[in-house]
Amino acid sequence: MNDLGDARTRTWALRFMTLLAADPVDQLAWLGGQAVETGAVVEEVLLLCRVWEGLVARGAGEPGTLSDAEDIVRLLRDIPDAPHTGLWADELTTDPVWDGVRSPARRFLVTELGDWRQPLPPAGP
């Protein structure tokens, strides 16, 4: 890694990818009733995937993860009713796109960390 900024960014990206890869019941437990807008999650995931490209270019990530990040972007951009409105907790259980995102997120983590099952990040405020 080139600097502390890359290390922090990599940690953020891996934590978020871990959340995307988690089983729905674990995602909902992590949310803990927080009112997180789906549109904000989609924007954050798209940002994560763009930032990850730069990390890989600087040697802070495995190149093999890029195709999985691209798959996630494609899934989120090809949603018929994008941009999303409403709460992410509601969509996690009703919108099949999140099941679709889970598979490439898991492959990403296996390539980068050797296993997709990672501790969930600390829950936000």
# chains A, B, ... in the order shown; residues from 1 in each chain; ligands from 1

$ residues_around --residues "range 91-108 of chain A" --least-positions-apart "3" --cutoff "7 Å" --atoms "only C-alpha atoms" --output "PDB file with all heavy atoms, in the first residue's frame"
ATOM      1  N   MET A  17     -17.999  -4.128   1.576  1.00  0.00           N
ATOM      2  CA  MET A  17     -18.188  -5.335   0.769  1.00  0.00           C
ATOM      3  C   MET A  17     -18.615  -6.497   1.655  1.00  0.00           C
ATOM      4  O   MET A  17     -19.441  -7.323   1.251  1.00  0.00           O
ATOM      5  CB  MET A  17     -16.905  -5.657   0.012  1.00  0.00           C
ATOM      6  CG  MET A  17     -17.097  -6.608  -1.136  1.00  0.00           C
ATOM      7  SD  MET A  17     -18.212  -6.053  -2.464  1.00  0.00           S
ATOM      8  CE  MET A  17     -17.195  -4.836  -3.290  1.00  0.00           C
ATOM      9  N   LEU A  20     -22.261  -6.183   2.153  1.00  0.00           N
ATOM     10  CA  LEU A  20     -22.992  -6.588   0.955  1.00  0.00           C
ATOM     11  C   LEU A  20     -23.022  -8.107   0.788  1.00  0.00           C
ATOM     12  O   LEU A  20     -23.979  -8.656   0.255  1.00  0.00           O
ATOM     13  CB  LEU A  20     -22.366  -5.958  -0.291  1.00  0.00           C
ATOM     14  CG  LEU A  20     -22.469  -4.448  -0.404  1.00  0.00           C
ATOM     15  CD1 LEU A  20     -21.675  -3.964  -1.604  1.00  0.00           C
ATOM     16  CD2 LEU A  20     -23.919  -4.002  -0.479  1.00  0.00           C
ATOM     17  N   ALA A  21     -21.970  -8.785   1.231  1.00  0.00           N
ATOM     18  CA  ALA A  21     -21.859 -10.231   1.077  1.00  0.00           C
ATOM     19  C   ALA A  21     -22.635 -11.006   2.141  1.00  0.00           C
ATOM     20  O   ALA A  21     -22.919 -12.192   1.962  1.00  0.00           O
ATOM     21  CB  ALA A  21     -20.389 -10.643   1.127  1.00  0.00           C
ATOM     22  N   PRO A  24     -28.985 -12.016   4.346  1.00  0.00           N
ATOM     23  CA  PRO A  24     -29.966 -10.965   4.623  1.00  0.00           C
ATOM     24  C   PRO A  24     -30.299 -10.804   6.107  1.00  0.00           C
ATOM     25  O   PRO A  24     -30.425  -9.691   6.587  1.00  0.00           O
ATOM     26  CB  PRO A  24     -31.196 -11.402   3.828  1.00  0.00           C
ATOM     27  CG  PRO A  24     -30.661 -12.267   2.739  1.00  0.00           C
ATOM     28  CD  PRO A  24     -29.453 -12.942   3.305  1.00  0.00           C
ATOM     29  N   THR A  65     -10.286  -8.928  -8.287  1.00  0.00           N
ATOM     30  CA  THR A  65     -11.528  -8.435  -7.693  1.00  0.00           C
ATOM     31  C   THR A  65     -12.273  -7.472  -8.623  1.00  0.00           C
ATOM     32  O   THR A  65     -13.459  -7.221  -8.419  1.00  0.00           O
ATOM     33  CB  THR A  65     -11.243  -7.707  -6.374  1.00  0.00           C
ATOM     34  OG1 THR A  65     -10.336  -6.629  -6.636  1.00  0.00           O
ATOM     35  CG2 THR A  65     -10.664  -8.641  -5.331  1.00  0.00           C
ATOM     36  N   ASP A  68     -15.534  -8.642 -10.284  1.00  0.00           N
ATOM     37  CA  ASP A  68     -16.663  -8.727  -9.350  1.00  0.00           C
ATOM     38  C   ASP A  68     -17.215  -7.345  -9.041  1.00  0.00           C
ATOM     39  O   ASP A  68     -18.436  -7.165  -8.971  1.00  0.00           O
ATOM     40  CB  ASP A  68     -16.234  -9.435  -8.063  1.00  0.00           C
ATOM     41  CG  ASP A  68     -15.798 -10.866  -8.324  1.00  0.00           C
ATOM     42  OD1 ASP A  68     -16.477 -11.561  -9.104  1.00  0.00           O
ATOM     43  OD2 ASP A  68     -14.775 -11.280  -7.768  1.00  0.00           O
ATOM     44  N   ASP A  71     -19.292  -6.376 -11.924  1.00  0.00           N
ATOM     45  CA  ASP A  71     -20.585  -7.073 -11.900  1.00  0.00           C
ATOM     46  C   ASP A  71     -21.563  -6.372 -10.963  1.00  0.00           C
ATOM     47  O   ASP A  71     -22.747  -6.232 -11.282  1.00  0.00           O
ATOM     48  CB  ASP A  71     -20.409  -8.527 -11.456  1.00  0.00           C
ATOM     49  CG  ASP A  71     -19.752  -9.396 -12.508  1.00  0.00           C
ATOM     50  OD1 ASP A  71     -19.637  -8.974 -13.681  1.00  0.00           O
ATOM     51  OD2 ASP A  71     -19.334 -10.527 -12.150  1.00  0.00           O
ATOM     52  N   ILE A  72     -21.076  -5.936  -9.823  1.00  0.00           N
ATOM     53  CA  ILE A  72     -21.928  -5.237  -8.862  1.00  0.00           C
ATOM     54  C   ILE A  72     -22.432  -3.930  -9.462  1.00  0.00           C
ATOM     55  O   ILE A  72     -23.626  -3.610  -9.383  1.00  0.00           O
ATOM     56  CB  ILE A  72     -21.185  -5.004  -7.534  1.00  0.00           C
ATOM     57  CG1 ILE A  72     -20.945  -6.351  -6.836  1.00  0.00           C
ATOM     58  CG2 ILE A  72     -21.953  -4.035  -6.638  1.00  0.00           C
ATOM     59  CD1 ILE A  72     -19.993  -6.282  -5.663  1.00  0.00           C
ATOM     60  N   LEU A  75     -25.135  -4.663 -12.022  1.00  0.00           N
ATOM     61  CA  LEU A  75     -26.401  -5.035 -11.382  1.00  0.00           C
ATOM     62  C   LEU A  75     -27.138  -3.810 -10.853  1.00  0.00           C
ATOM     63  O   LEU A  75     -28.352  -3.687 -11.040  1.00  0.00           O
ATOM     64  CB  LEU A  75     -26.142  -6.017 -10.230  1.00  0.00           C
ATOM     65  CG  LEU A  75     -25.830  -7.439 -10.624  1.00  0.00           C
ATOM     66  CD1 LEU A  75     -25.244  -8.204  -9.438  1.00  0.00           C
ATOM     67  CD2 LEU A  75     -27.087  -8.136 -11.134  1.00  0.00           C
ATOM     68  N   LEU A  87     -36.487   2.489   2.031  1.00  0.00           N
ATOM     69  CA  LEU A  87     -35.499   2.005   2.976  1.00  0.00           C
ATOM     70  C   LEU A  87     -34.819   0.739   2.474  1.00  0.00           C
ATOM     71  O   LEU A  87     -35.464  -0.155   1.924  1.00  0.00           O
ATOM     72  CB  LEU A  87     -36.149   1.737   4.335  1.00  0.00           C
ATOM     73  CG  LEU A  87     -36.767   2.952   5.017  1.00  0.00           C
ATOM     74  CD1 LEU A  87     -37.404   2.545   6.335  1.00  0.00           C
ATOM     75  CD2 LEU A  87     -35.723   4.038   5.220  1.00  0.00           C
ATOM     76  N   TRP A  88     -33.517   0.669   2.720  1.00  0.00           N
ATOM     77  CA  TRP A  88     -32.729  -0.484   2.299  1.00  0.00           C
ATOM     78  C   TRP A  88     -33.224  -1.757   2.989  1.00  0.00           C
ATOM     79  O   TRP A  88     -33.285  -2.815   2.375  1.00  0.00           O
ATOM     80  CB  TRP A  88     -31.252  -0.238   2.587  1.00  0.00           C
ATOM     81  CG  TRP A  88     -30.334  -1.226   1.944  1.00  0.00           C
ATOM     82  CD1 TRP A  88     -30.459  -1.775   0.692  1.00  0.00           C
ATOM     83  CD2 TRP A  88     -29.140  -1.781   2.495  1.00  0.00           C
ATOM     84  NE1 TRP A  88     -29.408  -2.632   0.437  1.00  0.00           N
ATOM     85  CE2 TRP A  88     -28.585  -2.648   1.535  1.00  0.00           C
ATOM     86  CE3 TRP A  88     -28.491  -1.611   3.699  1.00  0.00           C
ATOM     87  CZ2 TRP A  88     -27.410  -3.359   1.744  1.00  0.00           C
ATOM     88  CZ3 TRP A  88     -27.302  -2.305   3.914  1.00  0.00           C
ATOM     89  CH2 TRP A  88     -26.781  -3.170   2.942  1.00  0.00           C
ATOM     90  N   THR A 111     -11.510 -13.640  -3.218  1.00  0.00           N
ATOM     91  CA  THR A 111     -10.292 -13.296  -3.964  1.00  0.00           C
ATOM     92  C   THR A 111      -9.367 -12.424  -3.124  1.00  0.00           C
ATOM     93  O   THR A 111      -8.159 -12.637  -3.089  1.00  0.00           O
ATOM     94  CB  THR A 111     -10.650 -12.568  -5.276  1.00  0.00           C
ATOM     95  OG1 THR A 111     -11.475 -13.443  -6.065  1.00  0.00           O
ATOM     96  CG2 THR A 111      -9.410 -12.198  -6.058  1.00  0.00           C
ATOM     97  N   GLU A 112      -9.932 -11.454  -2.440  1.00  0.00           N
ATOM     98  CA  GLU A 112      -9.122 -10.485  -1.690  1.00  0.00           C
ATOM     99  C   GLU A 112      -8.646 -11.017  -0.338  1.00  0.00           C
ATOM    100  O   GLU A 112      -7.522 -10.770   0.066  1.00  0.00           O
ATOM    101  CB  GLU A 112      -9.924  -9.191  -1.479  1.00  0.00           C
ATOM    102  CG  GLU A 112      -9.150  -8.072  -0.853  1.00  0.00           C
ATOM    103  CD  GLU A 112      -8.021  -7.539  -1.715  1.00  0.00           C
ATOM    104  OE1 GLU A 112      -8.079  -7.619  -2.956  1.00  0.00           O
ATOM    105  OE2 GLU A 112      -7.055  -7.014  -1.132  1.00  0.00           O
ATOM    106  N   TRP A 116     -15.262 -15.224   2.242  1.00  0.00           N
ATOM    107  CA  TRP A 116     -16.231 -14.123   2.253  1.00  0.00           C
ATOM    108  C   TRP A 116     -16.802 -13.899   3.642  1.00  0.00           C
ATOM    109  O   TRP A 116     -17.321 -12.828   3.940  1.00  0.00           O
ATOM    110  CB  TRP A 116     -17.352 -14.356   1.238  1.00  0.00           C
ATOM    111  CG  TRP A 116     -18.294 -15.479   1.574  1.00  0.00           C
ATOM    112  CD1 TRP A 116     -18.192 -16.775   1.157  1.00  0.00           C
ATOM    113  CD2 TRP A 116     -19.473 -15.406   2.374  1.00  0.00           C
ATOM    114  NE1 TRP A 116     -19.237 -17.510   1.660  1.00  0.00           N
ATOM    115  CE2 TRP A 116     -20.042 -16.690   2.411  1.00  0.00           C
ATOM    116  CE3 TRP A 116     -20.102 -14.385   3.079  1.00  0.00           C
ATOM    117  CZ2 TRP A 116     -21.206 -16.982   3.104  1.00  0.00           C
ATOM    118  CZ3 TRP A 116     -21.272 -14.684   3.771  1.00  0.00           C
ATOM    119  CH2 TRP A 116     -21.816 -15.969   3.775  1.00  0.00           C
TER     120      TRP A 116
END

$ select_by_dssp --residues "chain A" --states "alpha helix (DSSP H)" --output "VMD selection string"
chain A and resid 4 to 21 24 to 31 38 to 57 66 to 77 88 to 94 97 to 113

$ closest_residue --among "A:Ala69, A:Ala57, A:Leu120, A:Ala89" --to "Gln34 in chain A" --atoms "only C-alpha atoms"
A:Ala89

$ atom_distance --atom1 "CA of Glu62 in chain A" --atom2 "CA of Leu19 in chain A"
19.0 Å

$ atom_distance --atom1 "CA of Arg10 in chain A" --atom2 "CA of Pro121 in chain A"
13.1 Å

$ closest_residue --among "A:Leu14, A:Leu76, A:Val110, A:Ala123" --to "Leu46 in chain A" --atoms "only C-alpha atoms"
A:Leu76
